[in-house]
file start-v4.tsv (TSV, C-alpha atoms)
chain	number	residue	atom	x	y	z
P	673	MET	CA	309.96	-19.66	-52.45
P	674	ALA	CA	308.44	-16.20	-52.00
P	675	LEU	CA	310.67	-13.14	-52.18
P	676	LEU	CA	312.31	-12.22	-48.89
P	677	ALA	CA	311.91	-8.83	-47.23
P	678	ASP	CA	315.32	-7.60	-48.30
P	679	GLU	CA	314.64	-8.74	-51.88
P	680	LEU	CA	311.39	-6.79	-51.90
P	681	ASP	CA	313.36	-3.76	-50.76
P	682	ARG	CA	316.32	-4.26	-53.12
P	683	TYR	CA	314.16	-4.64	-56.20
P	684	ALA	CA	311.40	-2.20	-55.24
P	685	ARG	CA	312.34	0.26	-57.98
P	686	GLN	CA	311.90	-2.25	-60.79
P	687	MET	CA	309.13	-4.60	-59.66
P	688	GLY	CA	306.61	-1.77	-60.02
P	689	LEU	CA	307.17	-1.66	-63.75
P	690	PRO	CA	304.15	-2.84	-65.78
P	691	ASP	CA	304.03	-6.64	-65.99
P	692	TRP	CA	307.26	-7.12	-63.99
P	693	GLY	CA	305.96	-7.54	-60.42
P	694	LYS	CA	306.87	-10.28	-57.95
P	695	ASP	CA	306.32	-12.92	-60.60
P	696	GLY	CA	308.90	-11.40	-62.91
P	697	GLN	CA	311.35	-10.98	-60.06
P	698	GLU	CA	310.92	-14.62	-59.05
P	699	ARG	CA	311.52	-15.66	-62.65
P	700	LEU	CA	314.77	-13.70	-62.64
P	701	ARG	CA	315.84	-15.32	-59.38
P	702	ALA	CA	315.21	-18.76	-60.85
P	703	ALA	CA	317.12	-17.98	-64.05
P	704	SER	CA	320.64	-18.80	-65.11
P	705	VAL	CA	322.60	-16.68	-67.57
P	706	PHE	CA	325.78	-17.64	-69.42
P	707	ILE	CA	328.03	-14.69	-70.22
P	708	ALA	CA	330.65	-15.51	-72.84
P	709	GLY	CA	333.47	-13.04	-72.40
P	710	ALA	CA	334.20	-10.79	-69.43
P	711	GLY	CA	335.56	-7.80	-71.35
P	712	GLY	CA	333.88	-4.50	-72.14
P	713	LEU	CA	330.48	-5.86	-73.12
P	714	GLY	CA	330.60	-8.59	-70.47
P	715	SER	CA	331.37	-6.06	-67.75
P	716	ALA	CA	328.28	-3.98	-68.40
P	717	ALA	CA	326.03	-6.95	-69.10
P	718	ALA	CA	327.13	-8.84	-65.96
P	719	LEU	CA	326.72	-5.84	-63.68
P	720	TYR	CA	323.18	-5.16	-64.84
P	721	VAL	CA	321.90	-8.73	-64.86
P	722	ALA	CA	323.37	-9.24	-61.38
P	723	ALA	CA	321.89	-5.98	-60.12
P	724	ALA	CA	318.50	-6.98	-61.53
P	725	GLY	CA	318.51	-10.16	-59.45
P	726	VAL	CA	319.30	-13.01	-61.83
P	727	GLY	CA	319.83	-16.10	-59.69
P	728	ARG	CA	322.92	-17.58	-61.34
P	729	ILE	CA	325.48	-16.08	-63.68
P	730	THR	CA	328.21	-18.12	-65.31
P	731	LEU	CA	331.07	-15.89	-66.44
P	732	CYS	CA	333.43	-17.47	-68.94
P	733	ASP	CA	336.75	-15.89	-69.95
P	734	PRO	CA	340.32	-17.27	-70.10
P	735	ASP	CA	342.17	-13.96	-69.71
P	736	THR	CA	343.76	-11.89	-66.98
P	737	VAL	CA	343.13	-8.20	-66.39
P	738	GLU	CA	345.47	-5.85	-68.26
P	739	LEU	CA	345.94	-2.15	-67.72
P	740	SER	CA	344.71	-1.45	-71.26
P	741	ASN	CA	341.37	-3.13	-70.38
P	742	LEU	CA	340.44	-0.54	-67.81
P	743	ASN	CA	339.13	2.16	-70.17
P	744	ARG	CA	336.06	-0.03	-70.82
P	745	GLN	CA	336.01	-3.12	-68.60
P	746	VAL	CA	334.30	-1.55	-65.62
P	747	LEU	CA	334.13	-4.76	-63.59
P	748	TYR	CA	337.81	-4.28	-62.73
P	749	SER	CA	339.93	-1.86	-60.75
P	750	THR	CA	343.57	-0.92	-61.13
P	751	SER	CA	344.41	-3.25	-58.26
P	752	ASP	CA	342.99	-6.17	-60.31
P	753	VAL	CA	345.65	-5.90	-63.05
P	754	GLY	CA	347.27	-9.32	-63.42
P	755	ARG	CA	344.41	-11.23	-61.78
P	756	GLU	CA	342.17	-13.73	-63.52
P	757	LYS	CA	339.22	-11.82	-64.90
P	758	THR	CA	336.65	-14.33	-63.73
P	759	ALA	CA	338.00	-14.27	-60.15
P	760	ALA	CA	338.07	-10.48	-59.96
P	761	ALA	CA	334.65	-10.21	-61.60
P	762	SER	CA	333.12	-12.75	-59.23
P	763	GLU	CA	334.18	-10.70	-56.22
P	764	ARG	CA	332.82	-7.50	-57.73
P	765	LEU	CA	329.48	-9.07	-58.67
P	766	ALA	CA	329.13	-10.82	-55.31
P	767	SER	CA	329.66	-7.52	-53.52
P	768	LEU	CA	327.03	-5.90	-55.74
P	769	ASN	CA	324.44	-8.62	-55.17
P	770	PRO	CA	325.27	-11.42	-52.70
P	771	ALA	CA	322.07	-13.25	-53.64
P	772	THR	CA	323.33	-13.94	-57.16
P	773	ALA	CA	325.42	-17.09	-57.49
P	774	ILE	CA	328.46	-16.41	-59.67
P	775	VAL	CA	330.14	-19.31	-61.44
P	776	PRO	CA	333.59	-18.28	-62.73
P	777	LEU	CA	334.95	-20.33	-65.63
P	778	ARG	CA	338.48	-19.61	-66.79
P	779	GLU	CA	337.87	-21.32	-70.12
P	780	ARG	CA	338.27	-20.49	-73.79
P	781	ILE	CA	335.20	-21.23	-75.89
P	782	ASP	CA	335.97	-23.70	-78.67
P	783	THR	CA	334.01	-26.29	-80.61
P	784	CYS	CA	334.74	-29.00	-78.02
P	785	SER	CA	334.03	-27.01	-74.87
P	786	ALA	CA	331.12	-24.81	-75.96
P	787	PRO	CA	328.20	-27.26	-75.66
P	788	ASP	CA	329.16	-28.38	-72.14
P	789	LEU	CA	329.80	-24.80	-71.03
P	790	VAL	CA	326.44	-23.48	-72.25
P	791	ALA	CA	324.25	-26.45	-71.29
P	792	GLY	CA	321.87	-25.83	-68.40
P	793	HIS	CA	321.51	-22.08	-68.90
P	794	ASP	CA	318.33	-20.22	-69.85
P	795	ILE	CA	320.08	-17.71	-72.10
P	796	ALA	CA	323.57	-16.80	-73.31
P	797	ILE	CA	325.01	-13.34	-73.76
P	798	ASP	CA	327.63	-13.13	-76.50
P	799	CYS	CA	330.32	-10.70	-75.33
P	800	LEU	CA	333.16	-12.37	-77.22
P	801	ASP	CA	335.81	-10.56	-79.22
P	802	THR	CA	336.29	-12.68	-82.34
P	803	LEU	CA	333.88	-13.79	-85.04
P	804	GLU	CA	335.29	-17.31	-84.88
P	805	ALA	CA	334.32	-17.71	-81.21
P	806	ARG	CA	330.96	-16.08	-81.86
P	807	PHE	CA	330.15	-18.61	-84.59
P	808	ILE	CA	331.10	-21.47	-82.25
P	809	LEU	CA	328.79	-20.10	-79.54
P	810	ASN	CA	326.07	-19.59	-82.17
P	811	ARG	CA	326.20	-23.27	-83.17
P	812	ALA	CA	326.35	-24.59	-79.60
P	813	CYS	CA	323.36	-22.51	-78.54
P	814	MET	CA	321.35	-23.59	-81.60
P	815	ALA	CA	322.02	-27.22	-80.78
P	816	LEU	CA	320.91	-26.68	-77.17
P	817	ASP	CA	317.95	-24.40	-78.05
P	818	VAL	CA	319.41	-21.63	-75.90
P	819	PRO	CA	318.79	-18.07	-77.12
P	820	VAL	CA	321.80	-15.79	-77.59
P	821	ILE	CA	321.97	-12.05	-77.23
P	822	TYR	CA	324.59	-10.95	-79.73
P	823	ALA	CA	326.45	-7.66	-79.55
P	824	ALA	CA	329.67	-6.43	-81.11
P	825	VAL	CA	331.48	-3.11	-81.06
P	826	SER	CA	334.13	-1.11	-82.86
P	827	GLY	CA	334.84	2.54	-82.19
P	828	PHE	CA	331.54	4.28	-81.51
P	829	THR	CA	329.63	1.62	-83.49
P	830	GLY	CA	327.65	-1.25	-82.01
P	831	GLN	CA	325.39	-4.06	-83.25
P	832	LEU	CA	322.82	-6.01	-81.26
P	833	SER	CA	320.32	-8.79	-81.95
P	834	PHE	CA	318.34	-11.52	-80.20
P	835	ILE	CA	319.08	-14.87	-81.81
P	836	HIS	CA	316.95	-17.95	-81.23
P	837	PRO	CA	316.62	-20.17	-84.32
P	838	PRO	CA	314.46	-21.48	-85.85
P	839	ALA	CA	312.22	-18.56	-84.88
P	840	THR	CA	314.93	-16.06	-85.86
P	841	PRO	CA	317.89	-15.97	-88.21
P	842	CYS	CA	321.12	-17.27	-86.71
P	843	LEU	CA	324.29	-15.19	-86.54
P	844	LYS	CA	325.67	-16.77	-89.68
P	845	CYS	CA	322.56	-15.79	-91.65
P	846	PHE	CA	323.54	-12.12	-91.60
P	847	ILE	CA	327.21	-11.97	-90.62
P	848	PRO	CA	329.54	-13.46	-93.23
P	849	HIS	CA	332.75	-15.01	-92.04
P	850	LYS	CA	335.33	-12.27	-92.43
P	851	SER	CA	338.38	-12.42	-90.24
P	852	THR	CA	339.02	-9.37	-88.13
P	853	THR	CA	342.43	-9.76	-86.55
P	854	GLU	CA	342.69	-6.14	-85.51
P	855	LYS	CA	342.10	-5.14	-81.92
P	856	PRO	CA	339.54	-2.40	-82.47
P	857	GLN	CA	339.69	0.96	-80.79
P	858	VAL	CA	336.72	1.01	-78.42
P	859	PRO	CA	335.79	3.65	-75.87
P	860	GLY	CA	334.11	2.39	-72.71
P	861	CYS	CA	330.94	4.31	-73.44
P	862	THR	CA	330.29	2.10	-76.50
P	863	THR	CA	330.68	-1.17	-74.63
P	864	GLY	CA	328.66	0.32	-71.77
P	865	ILE	CA	325.74	1.15	-74.06
P	866	MET	CA	325.76	-2.15	-75.90
P	867	GLY	CA	326.38	-4.34	-72.81
P	868	SER	CA	323.54	-2.56	-71.03
P	869	LEU	CA	321.24	-3.24	-73.98
P	870	GLN	CA	322.25	-6.91	-73.85
P	871	ALA	CA	321.26	-6.97	-70.18
P	872	ALA	CA	317.95	-5.34	-71.05
P	873	GLU	CA	317.24	-8.01	-73.69
P	874	ALA	CA	318.07	-10.78	-71.20
P	875	ILE	CA	315.89	-9.27	-68.49
P	876	LYS	CA	312.93	-8.86	-70.85
P	877	TYR	CA	313.24	-12.42	-72.11
P	878	LEU	CA	313.57	-13.92	-68.63
P	879	THR	CA	310.74	-11.92	-67.06
P	880	GLY	CA	308.53	-12.22	-70.14
P	881	ILE	CA	307.94	-8.50	-70.48
P	882	GLY	CA	308.18	-6.30	-73.56
P	883	SER	CA	309.57	-7.54	-76.86
P	884	THR	CA	313.09	-8.47	-77.87
P	885	LEU	CA	315.15	-7.74	-80.96
P	886	ALA	CA	314.25	-11.17	-82.39
P	887	GLY	CA	314.57	-11.00	-86.17
P	888	ARG	CA	315.95	-7.48	-86.00
P	889	LEU	CA	319.39	-5.94	-85.83
P	890	LEU	CA	320.02	-2.72	-83.93
P	891	ILE	CA	322.91	-0.65	-85.24
P	892	VAL	CA	324.14	2.15	-83.02
P	893	GLU	CA	326.33	4.81	-84.58
P	894	GLY	CA	327.60	6.99	-81.78
P	895	MET	CA	330.00	9.27	-83.62
P	896	GLU	CA	327.26	10.96	-85.65
P	897	PRO	CA	324.40	9.70	-83.47
P	898	ARG	CA	321.99	7.35	-85.22
P	899	PHE	CA	320.06	4.27	-84.13
P	900	ASP	CA	318.80	1.97	-86.90
P	901	ILE	CA	316.64	-1.10	-86.34
P	902	LEU	CA	316.78	-3.37	-89.37
P	903	GLU	CA	314.89	-6.49	-90.35
P	904	ILE	CA	317.05	-9.54	-90.80
P	905	GLU	CA	315.90	-12.62	-92.66
P	906	LYS	CA	316.82	-16.26	-92.42
P	907	ASP	CA	319.22	-17.34	-95.14
P	908	PRO	CA	317.84	-20.57	-96.65
P	909	ASP	CA	321.40	-21.45	-97.69
P	910	CYS	CA	322.92	-20.62	-94.29
P	911	PRO	CA	325.70	-23.12	-93.54
P	912	ALA	CA	324.74	-23.12	-89.85
P	913	CYS	CA	320.92	-23.22	-89.83
P	914	GLY	CA	319.81	-23.54	-93.46
P	915	SER	CA	318.64	-26.59	-95.33
P	916	GLN	CA	322.23	-27.43	-96.28
P	917	ALA	CA	323.60	-26.90	-92.74
P	918	GLU	CA	326.91	-28.68	-92.19
K	309	MET	CA	320.63	3.93	-112.73
K	310	ILE	CA	321.69	6.10	-109.83
K	311	ILE	CA	322.06	4.76	-106.31
K	312	TYR	CA	323.34	6.31	-103.12
K	313	LEU	CA	325.94	4.59	-100.96
K	314	ARG	CA	326.34	5.56	-97.32
K	315	SER	CA	328.88	4.43	-94.75
K	316	GLY	CA	329.96	5.10	-91.20
K	317	ARG	CA	333.21	6.75	-90.22
K	318	LYS	CA	335.33	3.63	-90.73
K	319	LEU	CA	334.73	3.43	-94.50
K	320	HIS	CA	334.57	7.16	-95.06
K	321	ASP	CA	337.95	7.56	-96.78
K	322	LEU	CA	337.33	4.63	-99.13
K	323	LEU	CA	333.84	5.74	-100.08
K	324	LYS	CA	334.82	9.33	-100.95
K	325	PRO	CA	331.41	10.91	-100.22
K	326	ASP	CA	330.19	13.57	-102.65
K	327	VAL	CA	326.54	14.14	-101.67
K	328	ASP	CA	327.00	14.86	-98.00
K	329	GLN	CA	329.49	13.86	-95.31
K	330	TYR	CA	328.60	10.16	-95.56
K	331	THR	CA	326.93	9.65	-98.92
K	332	ARG	CA	328.24	9.09	-102.44
K	333	HIS	CA	326.13	8.93	-105.56
K	334	VAL	CA	326.99	6.17	-108.00
K	335	GLU	CA	325.84	5.59	-111.58
K	336	MET	CA	325.78	1.92	-112.53
K	337	GLN	CA	324.11	-0.26	-115.09
K	338	GLU	CA	320.91	-2.04	-114.07
K	339	GLY	CA	321.45	-5.42	-112.45
K	340	ALA	CA	324.88	-4.74	-111.00
K	341	THR	CA	325.32	-6.35	-107.60
K	342	LEU	CA	326.85	-4.71	-104.56
K	343	VAL	CA	329.94	-6.86	-105.04
K	344	GLU	CA	330.38	-5.41	-108.53
K	345	ILE	CA	329.62	-1.86	-107.42
K	346	LEU	CA	332.06	-2.01	-104.53
K	347	GLY	CA	334.67	-3.47	-106.88
K	348	GLU	CA	334.18	-0.57	-109.30
K	349	LEU	CA	334.66	1.88	-106.45
K	350	GLY	CA	337.82	0.14	-105.24
K	351	ILE	CA	336.35	-0.72	-101.84
K	352	PRO	CA	337.83	-4.05	-100.66
K	353	LEU	CA	335.10	-6.58	-99.95
K	354	VAL	CA	336.86	-7.61	-96.77
K	355	MET	CA	336.01	-4.16	-95.44
K	356	VAL	CA	332.25	-4.66	-95.89
K	357	ALA	CA	330.24	-7.16	-93.83
K	358	PHE	CA	326.78	-6.43	-95.18
K	359	ALA	CA	324.56	-3.61	-96.34
K	360	PHE	CA	321.13	-2.39	-95.48
K	361	VAL	CA	318.53	-1.02	-97.81
K	362	ASP	CA	315.13	0.36	-96.87
K	363	GLY	CA	315.31	-1.09	-93.36
K	364	LYS	CA	316.43	-4.57	-94.38
K	365	VAL	CA	319.80	-6.25	-94.08
K	366	ARG	CA	321.11	-7.34	-97.49
K	367	LYS	CA	324.04	-9.49	-98.44
K	368	LEU	CA	326.52	-8.32	-101.03
K	369	ASP	CA	324.89	-10.27	-103.87
K	370	TYR	CA	321.99	-7.80	-103.69
K	371	ALA	CA	321.32	-5.95	-106.94
K	372	PRO	CA	320.15	-2.41	-106.13
K	373	THR	CA	317.43	-0.63	-108.06
K	374	ASP	CA	317.37	2.99	-109.17
K	375	GLY	CA	317.24	5.42	-106.26
K	376	ASP	CA	318.21	2.90	-103.57
K	377	VAL	CA	319.99	4.34	-100.56
K	378	ILE	CA	322.39	1.63	-99.41
K	379	THR	CA	324.29	1.79	-96.16
K	380	ILE	CA	327.36	-0.41	-96.07
K	381	GLN	CA	328.52	-1.77	-92.73
K	382	SER	CA	332.08	-2.80	-91.94
K	383	PRO	CA	332.78	-5.96	-89.92
K	384	VAL	CA	332.39	-5.40	-86.18
K	385	ALA	CA	333.54	-8.10	-83.79
K	386	GLY	CA	334.94	-6.40	-80.71
K	387	GLY	CA	333.68	-7.22	-77.27
call {"tool": "encode", "arguments": {"input": "start-v4.tsv", "output": "structure tokens"}}
result
Amino acid sequence: MALLADELDRYARQMGLPDWGKDGQERLRAASVFIAGAGGLGSAAALYVAAAGVGRITLCDPDTVELSNLNRQVLYSTSDVGREKTAAASERLASLNPATAIVPLRERIDTCSAPDLVAGHDIAIDCLDTLEARFILNRACMALDVPVIYAAVSGFTGQLSFIHPPATPCLKCFIPHKSTTEKPQVPGCTTGIMGSLQAAEAIKYLTGIGSTLAGRLLIVEGMEPRFDILEIEKDPDCPACGSQAE
Amino acid sequence: MIIYLRSGRKLHDLLKPDVDQYTRHVEMQEGATLVEILGELGIPLVMVAFAFVDGKVRKLDYAPTDGDVITIQSPVAGG
């Protein structure tokens, strides 16, 4: 179906970008995005993919809004404290862009649930807060051939990559399993930057414009500002995607 | 051989920089791996996720060569 008049108006300031056009906008409208985690990263990522006109967003998070979330989780207001995150987020995103279908899932991602949760989406955005859950999402997406946009934050530091094996390394190729039980200190500006970059990667992939961070890792150091883009290589012995994968 | 280890703010106190605010020079024998170098410096391996050298991500079994500038990265998992 062709874009409607109000869609042409709503997206007028992005469709004029080189190679985006009506075709790119229609691809976004036909796309479905799975956002794992509706915290700091998920807030920024969800707002920008919804604003851009993605047709369906599934938002998956088991938690309720806490007062201590509000320094960085910009999907929520003070009046949302105590509510289910996915319910509050759905209302916020629907008010931003009523044309985007929001699917709220109050679910925790584990090895049993992950494949069913992710199936049927064009791309996943990893906004989780533990390495364990990230590795589970990594495996599920590999099995389903769904690309993942990985980001993680601590303090003013952020990491970002576009993961789509076998064309790229998987998460386990470059992140060893080290438990991080601490709840990191994170200012909202860090999650805002990194979540916005995740949205940008998703939008580029779905519209087919530009290039992604496939095979590369972006490290953002905000305290003493520095952006590094590093090559990452597949680990032939990777336990998730290597020749000896479990 | 002499190598240069760099870190962000999180590992600053463990690294004890002596070249500039974030860099420490280290003299080690040829062939030493990052695991061995970090052990010599008393930096717990659990505090280091990976390193990068000359624009490439390296795991901790990497053996630096003379003059390498190695940035060590602490685990980051927050969302």
call {"tool": "interface_residues", "arguments": {"input": "start-v4.tsv", "of": "chain K", "to": "chain P", "cutoff": "8 Å", "atoms": "all atoms listed in the file", "output": "compact mmCIF listing (two decimals) with C-alpha atoms, in the frame of the given file"}}
result
# COMPACT_ATOMS: atom_id res chain seq x y z
CA GLY K 316 329.96 5.10 -91.20
CA ARG K 317 333.21 6.75 -90.22
CA VAL K 354 336.86 -7.61 -96.77
CA ALA K 357 330.24 -7.16 -93.83
CA PHE K 358 326.78 -6.43 -95.18
CA PHE K 360 321.13 -2.39 -95.48
CA GLY K 363 315.31 -1.09 -93.36
CA LYS K 364 316.43 -4.57 -94.38
CA VAL K 365 319.80 -6.25 -94.08
CA ARG K 366 321.11 -7.34 -97.49
CA LYS K 367 324.04 -9.49 -98.44
CA PRO K 383 332.78 -5.96 -89.92
CA VAL K 384 332.39 -5.40 -86.18
CA ALA K 385 333.54 -8.10 -83.79
CA GLY K 386 334.94 -6.40 -80.71
CA GLY K 387 333.68 -7.22 -77.27
call {"tool": "residues_around", "arguments": {"input": "start-v4.tsv", "residues": "Pro690 (chain P)", "least_positions_apart": "3", "cutoff": "9 Å", "atoms": "all atoms listed in the file", "output": "list in words"}}
result
Met687, Gly693 and Ile881 of chain P
call {"tool": "residues_around", "arguments": {"input": "start-v4.tsv", "residues": "Val721 (chain P)", "least_positions_apart": "3", "cutoff": "9 Å", "atoms": "only C-alpha atoms", "output": "list of chain:residue names"}}
result
P:Leu700, P:Val705, P:Ala716, P:Ala717, P:Ala718, P:Ala724, P:Gly725, P:Val726, P:Ile729, P:Ser868, P:Ala871, P:Ala872, P:Ala874, P:Ile875
call {"tool": "residues_around", "arguments": {"input": "start-v4.tsv", "residues": "Gly375 (chain K)", "least_positions_apart": "2", "cutoff": "8 Å", "atoms": "only C-alpha atoms", "output": "list in words"}}
result
Met309, Ile310, Ile311, Tyr312, Thr373 and Val377 of chain K
call {"tool": "closest_residue", "arguments": {"input": "start-v4.tsv", "among": "P:Leu731, P:Leu869, P:Leu689, P:Cys813", "to": "Ile707 (chain P)", "atoms": "all atoms listed in the file"}}
result
P:Leu731
call {"tool": "atom_distance", "arguments": {"input": "start-v4.tsv", "atom1": "CA of Pro908 (chain P)", "atom2": "CA of Asp362 (chain K)"}}
result
21.1 Å
call {"tool": "atom_distance", "arguments": {"input": "start-v4.tsv", "atom1": "CA of Leu878 (chain P)", "atom2": "CA of His793 (chain P)"}}
result
11.4 Å
call {"tool": "residues_around", "arguments": {"input": "start-v4.tsv", "residues": "region 780-783 of chain P", "least_positions_apart": "4", "cutoff": "8 Å", "atoms": "all atoms listed in the file", "output": "MDAnalysis selection string"}}
result
chainID P and resid 708 732:734 787 805 808:809 812
call {"tool": "atom_distance", "arguments": {"input": "start-v4.tsv", "atom1": "CA of Leu890 (chain P)", "atom2": "CA of Ser833 (chain P)"}}
result
6.4 Å
call {"tool": "residues_around", "arguments": {"input": "start-v4.tsv", "residues": "Glu348 (chain K)", "least_positions_apart": "5", "cutoff": "10 Å", "atoms": "only C-alpha atoms", "output": "list in words"}}
result
Val334, Met336, Leu342 and Val343 of chain K
call {"tool": "closest_residue", "arguments": {"input": "start-v4.tsv", "among": "K:Ser315, K:Gln337, K:Val361, K:Pro352", "to": "Ile378 (chain K)", "atoms": "only C-alpha atoms"}}
result
K:Val361
call {"tool": "decode", "arguments": {"input": "start-v4.tsv", "residues": "region 350-362 of chain K", "atoms": "C-alpha atoms", "output": "tab-separated table (two decimals), in the first residue's frame"}}
result
chain	number	residue	atom	x	y	z
K	350	GLY	CA	48.29	-7.10	39.66
K	351	ILE	CA	45.27	-6.30	37.50
K	352	PRO	CA	42.56	-8.95	38.12
K	353	LEU	CA	41.58	-10.67	34.88
K	354	VAL	CA	37.93	-10.42	35.86
K	355	MET	CA	38.29	-6.67	35.44
K	356	VAL	CA	39.37	-6.95	31.78
K	357	ALA	CA	37.03	-8.13	29.03
K	358	PHE	CA	39.32	-7.71	26.04
K	359	ALA	CA	41.97	-5.44	24.61
K	360	PHE	CA	42.48	-3.65	21.37
K	361	VAL	CA	45.70	-3.13	19.51
K	362	ASP	CA	46.18	-1.17	16.31
